[in-house]
>>> print(open('model02.txt').read())   # compact mmCIF, C-alpha atoms
# COMPACT_ATOMS: atom_id res chain seq x y z
CA MET A 95 -39.40 47.58 15.26
CA ASP A 96 -40.27 44.29 17.03
CA ARG A 97 -40.78 42.58 13.70
CA ILE A 98 -37.44 43.74 12.42
CA VAL A 99 -35.70 42.36 15.50
CA TRP A 100 -37.54 39.09 15.13
CA PHE A 101 -36.60 38.95 11.48
CA ILE A 102 -32.89 39.40 12.28
CA VAL A 103 -32.96 36.64 14.93
CA VAL A 104 -34.66 34.18 12.60
CA TRP A 105 -32.36 35.03 9.79
CA PHE A 106 -29.34 34.50 12.03
CA LEU A 107 -30.59 31.10 13.20
CA ALA A 108 -31.39 29.99 9.70
CA THR A 109 -27.97 30.95 8.50
CA ALA A 110 -26.35 29.05 11.33
CA VAL A 111 -28.33 25.92 10.48
CA VAL A 112 -27.42 26.18 6.81
CA VAL A 113 -23.74 26.55 7.62
CA SER A 114 -23.83 23.54 9.91
CA SER A 115 -25.59 21.49 7.25
CA ASP A 116 -23.04 22.48 4.68
CA ARG A 117 -20.30 21.31 6.96
CA ASN A 118 -21.93 17.86 7.33
CA MET A 119 -22.32 17.60 3.63
CA VAL A 120 -18.63 18.24 3.16
CA HIS A 121 -17.69 15.67 5.73
CA PRO A 122 -20.40 13.04 5.74
CA LYS A 123 -20.00 10.27 8.29
CA SER A 124 -23.20 8.25 8.16
CA PRO A 125 -26.73 7.96 6.83
CA ALA A 126 -27.94 9.81 9.87
CA SER A 127 -25.93 12.74 8.69
CA ILE A 128 -27.62 12.57 5.35
CA ASN A 129 -31.00 12.72 7.00
CA GLU A 130 -29.94 15.65 9.04
CA SER A 131 -28.89 17.45 5.89
CA GLY A 132 -32.29 16.96 4.39
CA PHE A 133 -33.91 18.29 7.51
CA SER A 134 -31.64 21.29 7.43
CA LEU A 135 -32.59 22.02 3.86
CA GLU A 136 -36.25 21.73 4.71
CA LEU A 137 -35.73 23.98 7.66
CA LEU A 138 -33.92 26.49 5.50
CA LEU A 139 -36.75 26.52 3.02
CA THR A 140 -39.20 26.98 5.80
CA ASN A 141 -37.20 29.80 7.19
CA ASN A 142 -37.02 31.32 3.76
CA ASP A 143 -40.77 31.18 3.46
CA ILE A 144 -41.10 32.73 6.85
CA LEU A 145 -38.59 35.34 5.95
CA HIS A 146 -40.39 36.09 2.69
CA HIS A 147 -43.66 36.34 4.55
CA MET A 148 -42.14 38.61 7.12
CA LEU A 149 -40.58 40.81 4.43
CA ARG A 150 -43.90 41.06 2.72
CA GLU A 151 -45.60 42.03 5.98
CA LEU A 152 -42.80 44.45 6.66
CA ARG A 153 -43.29 46.00 3.22
CA GLU A 154 -46.99 46.25 3.83
CA ASP A 155 -46.34 47.83 7.22
CA VAL A 156 -43.95 50.29 5.63
CA LEU A 157 -46.47 51.13 2.94
CA GLU A 158 -49.15 51.52 5.60
CA GLN A 159 -46.85 53.74 7.65
CA ARG A 160 -46.07 55.83 4.55
CA LYS A 161 -49.76 56.12 3.83
CA ILE A 162 -50.42 57.19 7.41
CA ILE A 163 -47.50 59.64 7.27
CA ALA A 164 -48.81 61.03 3.96
CA GLU A 165 -52.30 61.40 5.41
CA ASN A 166 -50.83 63.05 8.51
CA GLN A 167 -48.79 65.34 6.27
CA VAL A 168 -51.92 66.31 4.35
CA GLN A 169 -53.76 66.95 7.61
CA LEU A 170 -50.79 68.92 8.91
CA ASN A 171 -50.69 70.99 5.71
CA ASN A 172 -54.40 71.57 5.96
CA THR A 173 -53.94 72.61 9.58
CA PHE A 174 -51.13 75.02 8.60
CA GLN A 175 -53.29 76.46 5.83
CA LEU A 176 -56.19 76.86 8.24
CA LEU A 177 -53.93 78.56 10.79
CA ALA A 178 -52.50 80.83 8.08
CA LYS A 179 -56.02 81.69 6.96
CA MET A 180 -57.08 82.39 10.54
CA GLN A 181 -53.95 84.53 11.06
CA GLN A 182 -54.66 86.46 7.86
CA GLU A 183 -58.28 86.98 8.90
CA ALA A 184 -57.09 88.13 12.33
CA ASN A 185 -54.62 90.49 10.65
CA ASP A 186 -57.34 91.76 8.33
CA ARG A 187 -59.70 92.29 11.26
CA HIS A 188 -56.90 94.08 13.16
CA ALA A 189 -56.16 96.31 10.17
CA GLU A 190 -59.87 96.97 9.71
CA ASP A 191 -60.26 97.76 13.42
CA ALA A 192 -57.18 99.99 13.28
CA ALA A 193 -58.62 101.80 10.25
CA LYS A 194 -61.96 102.19 12.02
CA MET A 195 -60.16 103.47 15.13
CA ALA A 196 -58.15 105.94 13.05
CA ASN A 197 -61.32 107.15 11.32
CA LEU A 198 -63.06 107.42 14.68
CA GLN A 199 -60.15 109.44 16.11
CA LEU A 200 -60.17 111.68 13.03
CA GLU A 201 -63.91 112.21 13.39
CA LEU A 202 -63.53 112.97 17.08
CA GLN A 203 -60.76 115.46 16.28
CA LYS A 204 -62.98 117.13 13.69
CA GLN A 205 -65.84 117.30 16.18
CA ARG A 206 -63.49 118.73 18.84
CA GLU A 207 -62.22 121.37 16.40
CA GLU A 208 -65.79 122.18 15.41
CA ILE A 209 -66.76 122.56 19.06
CA VAL A 210 -63.78 124.86 19.70
CA LYS A 211 -64.60 126.84 16.56
CA ASN A 212 -68.25 127.14 17.55
CA ARG A 213 -67.21 128.15 21.06
CA VAL A 214 -64.87 130.86 19.71
CA GLU A 215 -67.50 132.08 17.26
CA SER A 216 -70.13 132.00 20.00
CA SER A 217 -67.82 133.94 22.31
CA LYS A 218 -67.10 136.42 19.54
CA ARG A 219 -70.79 136.80 18.74
CA THR A 220 -71.53 137.18 22.44
CA SER A 221 -68.82 139.81 22.76
CA GLU A 222 -70.05 141.64 19.66
CA LEU A 223 -73.60 141.44 20.93
CA GLY A 224 -72.47 142.72 24.34
CA THR A 225 -70.58 145.58 22.67
CA LYS A 226 -73.59 146.39 20.54
CA LEU A 227 -75.88 146.26 23.55
CA ASP A 228 -73.51 148.51 25.48
CA GLY A 229 -73.43 150.90 22.55
CA ASP A 230 -77.19 150.82 22.26
CA HIS A 231 -77.50 151.36 26.00
CA GLN A 232 -75.16 154.34 25.89
CA GLN A 233 -76.99 155.78 22.89
CA ILE A 234 -80.36 155.31 24.57
CA ARG A 235 -79.01 156.81 27.78
CA LYS A 236 -77.51 159.71 25.85
CA THR A 237 -80.80 160.30 24.04
CA LEU A 238 -82.79 160.13 27.27
CA LEU A 239 -80.42 162.52 28.98
CA ASP A 240 -80.59 164.86 26.01
CA ILE A 241 -84.37 164.80 26.19
CA GLN A 242 -84.88 164.69 29.95
CA LEU A 243 -81.95 166.71 31.22
CA ASP A 244 -81.27 168.87 28.18
CA SER A 245 -77.55 168.09 28.54
CA TYR A 246 -74.90 167.03 26.02
CA TRP A 247 -71.60 165.20 25.96
CA SER A 248 -70.01 168.18 24.29
CA CYS A 249 -70.91 171.24 22.26
CA LYS A 250 -70.50 169.11 19.13
CA ASP A 251 -73.54 167.10 20.23
CA VAL A 252 -75.80 170.15 20.47
CA PRO A 253 -78.27 169.59 17.60
CA THR A 254 -78.69 173.26 16.74
CA LYS A 255 -76.14 175.66 15.30
CA VAL A 256 -77.11 178.39 17.73
CA SER A 257 -74.37 179.69 20.01
CA GLY A 258 -75.33 179.97 23.67
CA THR A 259 -75.29 178.36 27.09
CA TYR A 260 -75.85 174.58 27.32
CA LYS A 261 -75.47 171.87 29.94
CA ILE A 262 -72.41 169.68 29.41
CA ARG A 263 -72.08 166.32 31.16
CA MET A 264 -69.09 164.03 31.36
CA LYS A 265 -68.88 161.11 33.77
CA GLU A 266 -71.90 159.65 35.50
CA ASN A 267 -70.64 160.72 38.92
CA LEU A 268 -70.24 164.36 37.87
CA ASP A 269 -73.12 166.80 37.73
CA PRO A 270 -73.70 168.56 34.40
CA PHE A 271 -72.25 172.05 34.25
CA GLN A 272 -73.08 175.17 32.27
CA ALA A 273 -70.81 176.03 29.37
CA TYR A 274 -70.93 178.46 26.48
CA CYS A 275 -70.97 176.72 23.09
CA ALA A 276 -69.71 178.63 20.04
CA GLN A 277 -71.62 177.06 17.15
CA VAL A 278 -70.75 179.29 14.21
CA SER A 279 -67.03 179.95 13.74
CA MET A 280 -64.63 177.22 12.55
CA GLY A 281 -67.42 174.68 12.11
CA GLY A 282 -68.91 175.14 15.59
CA GLY A 283 -68.91 172.68 18.48
CA TRP A 284 -66.44 174.72 20.59
CA MET A 285 -66.76 174.81 24.40
CA GLU A 286 -65.48 178.05 25.88
CA ILE A 287 -63.13 177.67 28.88
CA GLN A 288 -62.00 181.33 29.22
CA TYR A 289 -63.38 184.68 28.11
CA ARG A 290 -62.07 188.28 28.58
CA SER A 291 -63.62 191.32 26.92
CA LYS A 292 -64.30 194.17 29.39
CA GLY A 293 -61.92 193.84 32.30
CA GLU A 294 -64.79 193.82 34.82
CA LEU A 295 -63.96 190.39 36.32
CA ASP A 296 -60.93 190.02 38.59
CA PHE A 297 -58.67 187.14 37.47
CA ASN A 298 -56.18 187.51 40.33
CA ARG A 299 -57.66 184.53 42.21
CA ASN A 300 -56.48 181.75 44.51
CA TRP A 301 -56.02 178.07 43.70
CA MET A 302 -59.53 176.97 44.73
CA ASP A 303 -61.18 179.60 42.54
CA TYR A 304 -59.17 178.51 39.52
CA ARG A 305 -59.91 174.86 40.35
CA LYS A 306 -63.72 175.38 40.57
CA GLY A 307 -64.09 178.21 38.07
CA PHE A 308 -65.52 181.72 38.44
CA GLY A 309 -67.59 184.27 36.54
CA GLU A 310 -70.70 183.79 34.38
CA VAL A 311 -70.42 181.54 31.33
CA ASN A 312 -72.18 184.04 29.04
CA GLU A 313 -69.91 186.83 30.36
CA GLU A 314 -66.26 187.01 31.37
CA HIS A 315 -65.32 183.75 33.13
CA TRP A 316 -62.88 180.93 33.79
CA ILE A 317 -64.61 177.53 33.54
CA GLY A 318 -62.41 175.71 36.09
CA LEU A 319 -59.29 173.53 35.97
CA GLU A 320 -61.07 170.40 37.19
CA LYS A 321 -63.65 170.62 34.40
CA ILE A 322 -60.91 171.17 31.83
CA TYR A 323 -59.00 168.16 33.20
CA GLN A 324 -62.05 165.85 33.19
CA PHE A 325 -63.11 166.98 29.73
CA THR A 326 -59.69 166.54 28.11
CA LYS A 327 -59.32 163.20 29.91
CA GLU A 328 -62.57 161.95 28.42
CA HIS A 329 -62.10 163.48 24.94
CA ASN A 330 -59.18 164.00 22.61
CA CYS A 331 -59.40 167.77 22.17
CA GLU A 332 -58.12 170.62 20.06
CA LEU A 333 -57.69 174.20 21.29
CA ILE A 334 -58.30 177.54 19.60
CA VAL A 335 -57.47 180.95 21.10
CA TRP A 336 -59.14 184.07 19.70
CA MET A 337 -57.40 187.42 20.44
CA LYS A 338 -57.85 191.10 19.76
CA ASP A 339 -55.75 194.11 20.71
CA PHE A 340 -56.92 197.59 21.70
CA HIS A 341 -56.53 198.76 18.08
CA GLY A 342 -59.14 196.33 16.72
CA ASN A 343 -56.67 193.84 15.25
CA ASP A 344 -57.79 190.24 15.72
CA LYS A 345 -55.85 187.00 15.32
CA TYR A 346 -56.05 183.39 16.43
CA ALA A 347 -53.78 180.46 17.37
CA HIS A 348 -54.88 176.83 16.85
CA TYR A 349 -53.43 173.66 18.43
CA ASP A 350 -54.57 170.30 17.12
CA ALA A 351 -54.22 168.64 20.56
CA PHE A 352 -54.66 169.91 24.10
CA ALA A 353 -54.93 168.28 27.55
CA ILE A 354 -53.96 168.98 31.15
CA GLY A 355 -53.09 166.68 34.06
CA SER A 356 -54.96 166.08 37.29
CA GLU A 357 -54.91 168.24 40.40
CA ALA A 358 -52.40 165.83 41.99
CA GLU A 359 -50.17 166.58 38.98
CA GLY A 360 -50.62 170.32 39.39
CA TYR A 361 -52.97 170.53 36.37
CA TYR A 362 -49.82 170.69 34.24
CA LEU A 363 -50.03 171.44 30.51
CA LYS A 364 -49.82 167.78 29.48
CA THR A 365 -50.47 167.89 25.73
CA LEU A 366 -49.98 170.68 23.19
CA GLY A 367 -50.27 169.68 19.55
CA SER A 368 -49.11 171.30 16.34
CA HIS A 369 -49.67 175.04 15.97
CA SER A 370 -51.34 176.95 13.18
CA GLY A 371 -53.07 180.35 12.83
CA THR A 372 -52.36 184.04 12.42
CA ALA A 373 -50.91 184.55 15.90
CA GLY A 374 -47.52 183.02 16.76
CA ASP A 375 -46.88 179.88 18.84
CA SER A 376 -46.46 181.63 22.20
CA LEU A 377 -48.01 178.84 24.32
CA ARG A 378 -45.25 176.40 23.35
CA GLN A 379 -42.91 177.70 26.06
CA HIS A 380 -45.47 176.63 28.70
CA GLU A 381 -45.84 173.01 27.58
CA GLY A 382 -45.20 170.69 30.55
CA SER A 383 -45.56 173.50 33.13
CA LYS A 384 -47.82 173.21 36.18
CA PHE A 385 -50.55 175.74 36.84
CA SER A 386 -49.63 178.39 39.41
CA THR A 387 -51.58 180.87 41.52
CA ALA A 388 -50.37 183.41 44.06
CA ASP A 389 -51.08 180.97 46.89
CA ARG A 390 -49.62 177.93 45.08
CA ASP A 391 -46.31 178.63 43.36
CA ASN A 392 -45.56 175.78 40.90
CA ASP A 393 -43.45 177.65 38.34
CA ALA A 394 -39.79 177.06 37.48
CA SER A 395 -38.77 180.62 38.37
CA ASP A 396 -37.01 181.67 41.58
CA SER A 397 -39.85 184.18 42.07
CA ASN A 398 -43.63 183.69 42.27
CA CYS A 399 -44.78 184.58 38.72
CA ALA A 400 -48.50 184.41 39.56
CA LYS A 401 -48.03 186.81 42.42
CA ILE A 402 -45.90 189.21 40.38
CA TYR A 403 -48.17 189.27 37.30
CA GLU A 404 -51.44 189.00 39.26
CA GLY A 405 -53.15 186.07 37.56
CA GLY A 406 -53.14 182.27 37.53
CA TRP A 407 -51.46 180.54 34.57
CA TRP A 408 -49.15 177.73 33.37
CA TYR A 409 -46.07 179.79 34.20
CA LYS A 410 -42.63 178.56 33.42
CA ASN A 411 -40.02 181.33 33.80
CA CYS A 412 -42.32 183.31 33.67
CA TYR A 413 -44.30 183.45 30.35
CA ASN A 414 -44.58 184.18 26.65
CA ALA A 415 -48.36 184.04 26.88
CA LEU A 416 -50.58 185.19 29.77
CA LEU A 417 -54.33 185.41 29.08
CA ASN A 418 -55.33 185.71 32.78
CA GLY A 419 -53.26 188.84 33.47
CA LEU A 420 -54.46 192.36 34.26
CA TYR A 421 -56.81 194.01 31.78
CA ARG A 422 -54.66 197.03 30.70
CA ASN A 423 -54.05 198.92 27.48
CA VAL A 424 -50.27 199.13 27.77
CA THR A 425 -47.24 197.90 25.84
CA GLY A 426 -43.91 196.66 27.16
CA LYS A 427 -42.40 193.45 28.52
CA ASN A 428 -42.45 194.44 32.17
CA GLU A 429 -46.02 195.79 32.19
CA ASN A 430 -48.68 193.61 33.86
CA LYS A 431 -51.36 192.89 31.24
CA ILE A 432 -53.07 190.25 29.09
CA GLU A 433 -50.39 189.16 26.62
CA TRP A 434 -49.58 186.82 23.74
CA TYR A 435 -46.13 187.75 22.53
CA GLY A 436 -46.65 186.10 19.13
CA PHE A 437 -49.65 188.36 18.45
CA ASN A 438 -47.33 191.10 17.13
CA ASN A 439 -43.99 190.34 18.82
CA ASP A 440 -44.06 193.62 20.76
CA TRP A 441 -45.61 192.69 24.16
CA ARG A 442 -48.77 194.73 23.55
CA GLY A 443 -51.78 194.37 25.83
CA LEU A 444 -54.88 192.53 24.56
CA SER A 445 -58.49 193.60 24.98
CA TYR A 446 -60.24 190.38 24.06
CA THR A 447 -59.47 186.66 24.44
CA ARG A 448 -61.46 183.45 24.11
CA MET A 449 -60.03 179.96 24.81
CA GLN A 450 -62.17 177.16 23.35
CA LEU A 451 -61.99 173.33 23.29
CA ARG A 452 -63.53 170.89 20.83
CA PRO A 453 -63.44 167.08 20.87
CA LEU A 454 -61.69 165.51 17.90
CA ASP A 455 -63.74 162.28 18.16
>>> encode(input="model02.txt", output="C-alpha cells")
Amino acid sequence: MDRIVWFIVVWFLATAVVVSSDRNMVHPKSPASINESGFSLELLLTNNDILHHMLRELREDVLEQRKIIAENQVQLNNTFQLLAKMQQEANDRHAEDAAKMANLQLELQKQREEIVKNRVESSKRTSELGTKLDGDHQQIRKTLLDIQLDSYWSCKDVPTKVSGTYKIRMKENLDPFQAYCAQVSMGGGWMEIQYRSKGELDFNRNWMDYRKGFGEVNEEHWIGLEKIYQFTKEHNCELIVWMKDFHGNDKYAHYDAFAIGSEAEGYYLKTLGSHSGTAGDSLRQHEGSKFSTADRDNDASDSNCAKIYEGGWWYKNCYNALLNGLYRNVTGKNENKIEWYGFNNDWRGLSYTRMQLRPLD
C-alpha cells in the first residue's frame, strides 16, 4: 500500500512538471526557458523510469502476494481436508463405539434374560424337588406307619381283600381308630360307619354319644360324627347304604359324593351326590339338614323329631329315611322303626342296614 501511495505522488509531481514545461514551450521567453524545458524533459524521463521500475516492483509484489495467497489457499485446503478426515474418523469411531455399546447392551440383556430363565427353572426344579421329597416323605411315613402301627389311610389302602377290623388314621394329631372294612362287595375298600342287624344296641343316644361313636365295630355300632366329619374332610367320598327288610328282601342306595360339616356347623349333611341303586333316593330330603339328638334339637320341625322317633339323625321335617330308629318289625308311617321310604314306598320296618364310605381318590 505504501508503494502505491508513493507511486501516485510521484506520478502527480511528474505530470505537474510536464505541464509546466509544455506551457514554457508554448510561450518561450528566453534561452533560460529553453534550458528549463530540457531539464523538464529529462526529469520526466527519469520519472518515467522510476515509474516503470516501481510498476515492475509492484507487479512482482502482486505476483508474490498471489503466490503467497495460493500457497495459503493450498495450506488452508489441506487443513480443511485434514479436519474433515479427523471429523470422519471421529464419526466412524463414534459409530463404532455406539455399535459396540449396542452389542454390549444386547449381550447384557441376553445374559439378564438367561439369569432370569435359569432362576425360574431353578425355582421350578427346586419346587418340583421339594414336592417330590414331600411325596417321598409321605410315602415313607405311610409305609412305616403301615408296618409299625398296622394302620391305614383308608380301607382302600388295606393290602388284603379280607373284610375285618383295621386301624384307620387320618391327621397326624388324631389317634388311629378301629373301623370295619368291607373288602369284597362293590370292589371293596368300604369303611363302615353304621351297622344294624339284631336290635341289641340302643340307638336312642345323646349328642356326645353320637359325636364320639358307640358300639363295637365288628357288631352293631355308630362310628361317630367327628370321625365321619374328619374322614370326609380329608377324602372325597362316596356312600353306599345296604338294607334288608324282615321278609329277606335286600336293596341298596348309592351316592357318588358324601360329606358332613363340622360340629360347629351341627354336622350338617353338606354333600350328597347323584343317586343310583335298587332302593329309592330317600336321603335326598335330608340334604343340608343338621344332625339332631333328643338333647340337641336342630331340625326344621316345630317338634323335636329325634325325641319323638327315638334316634339321632339328619332330621328335616321329620324324615323320609331314618336308619337310627327303633328296631321293630312294623309297617306304617307313624310307627317308630328303622325306615327308608324308597325301599318299597310303604314305610315298612327294616331289619338290617349298613352305611359305608369309600374315598374316591
>>> residues_around(input="model02.txt", residues="range 326-337 of chain A", least_positions_apart="5", cutoff="8 Å", atoms="all atoms listed in the file", output="ChimeraX atom specification")
/A:264,344-354,367,444-455
>>> residues_around(input="model02.txt", residues="Gly382 in chain A", least_positions_apart="4", cutoff="10 Å", atoms="all atoms listed in the file", output="mmCIF file with C-alpha atoms, keeping the file's coordinate frame")
data_model
loop_
_atom_site.group_PDB
_atom_site.id
_atom_site.type_symbol
_atom_site.label_atom_id
_atom_site.label_comp_id
_atom_site.auth_asym_id
_atom_site.auth_seq_id
_atom_site.Cartn_x
_atom_site.Cartn_y
_atom_site.Cartn_z
ATOM 1 C CA ILE A 354 -53.960 168.980 31.150
ATOM 2 C CA GLY A 355 -53.090 166.680 34.060
ATOM 3 C CA TYR A 361 -52.970 170.530 36.370
ATOM 4 C CA TYR A 362 -49.820 170.690 34.240
ATOM 5 C CA LEU A 363 -50.030 171.440 30.510
ATOM 6 C CA LYS A 364 -49.820 167.780 29.480
ATOM 7 C CA THR A 365 -50.470 167.890 25.730
ATOM 8 C CA LEU A 366 -49.980 170.680 23.190
ATOM 9 C CA ARG A 378 -45.250 176.400 23.350
ATOM 10 C CA TRP A 408 -49.150 177.730 33.370
ATOM 11 C CA TYR A 409 -46.070 179.790 34.200
ATOM 12 C CA LYS A 410 -42.630 178.560 33.420
#
>>> closest_residue(input="model02.txt", among="A:Asn212, A:Asn300, A:Asn343, A:Asn423", to="Lys401 in chain A", atoms="all atoms listed in the file")
A:Asn300
>>> residues_around(input="model02.txt", residues="Gln379 in chain A", least_positions_apart="2", cutoff="12 Å", atoms="only C-alpha atoms", output="list in words")
Leu363, Leu366, Gly374, Asp375, Ser376, Leu377, Glu381, Gly382, Ser383, Ala394, Trp408, Tyr409, Lys410, Asn411, Cys412, Tyr413, Asn414, Ala415, Leu416, Trp434, Tyr435 and Gly436 of chain A
>>> closest_residue(input="model02.txt", among="A:Val278, A:Ile262, A:Ala196, A:Leu319", to="Ser356 in chain A", atoms="only C-alpha atoms")
A:Leu319
>>> atom_distance(input="model02.txt", atom1="CA of Lys255 in chain A", atom2="CA of Ser279 in chain A")
10.2 Å
>>> atom_distance(input="model02.txt", atom1="CA of Pro270 in chain A", atom2="CA of Pro253 in chain A")
17.4 Å
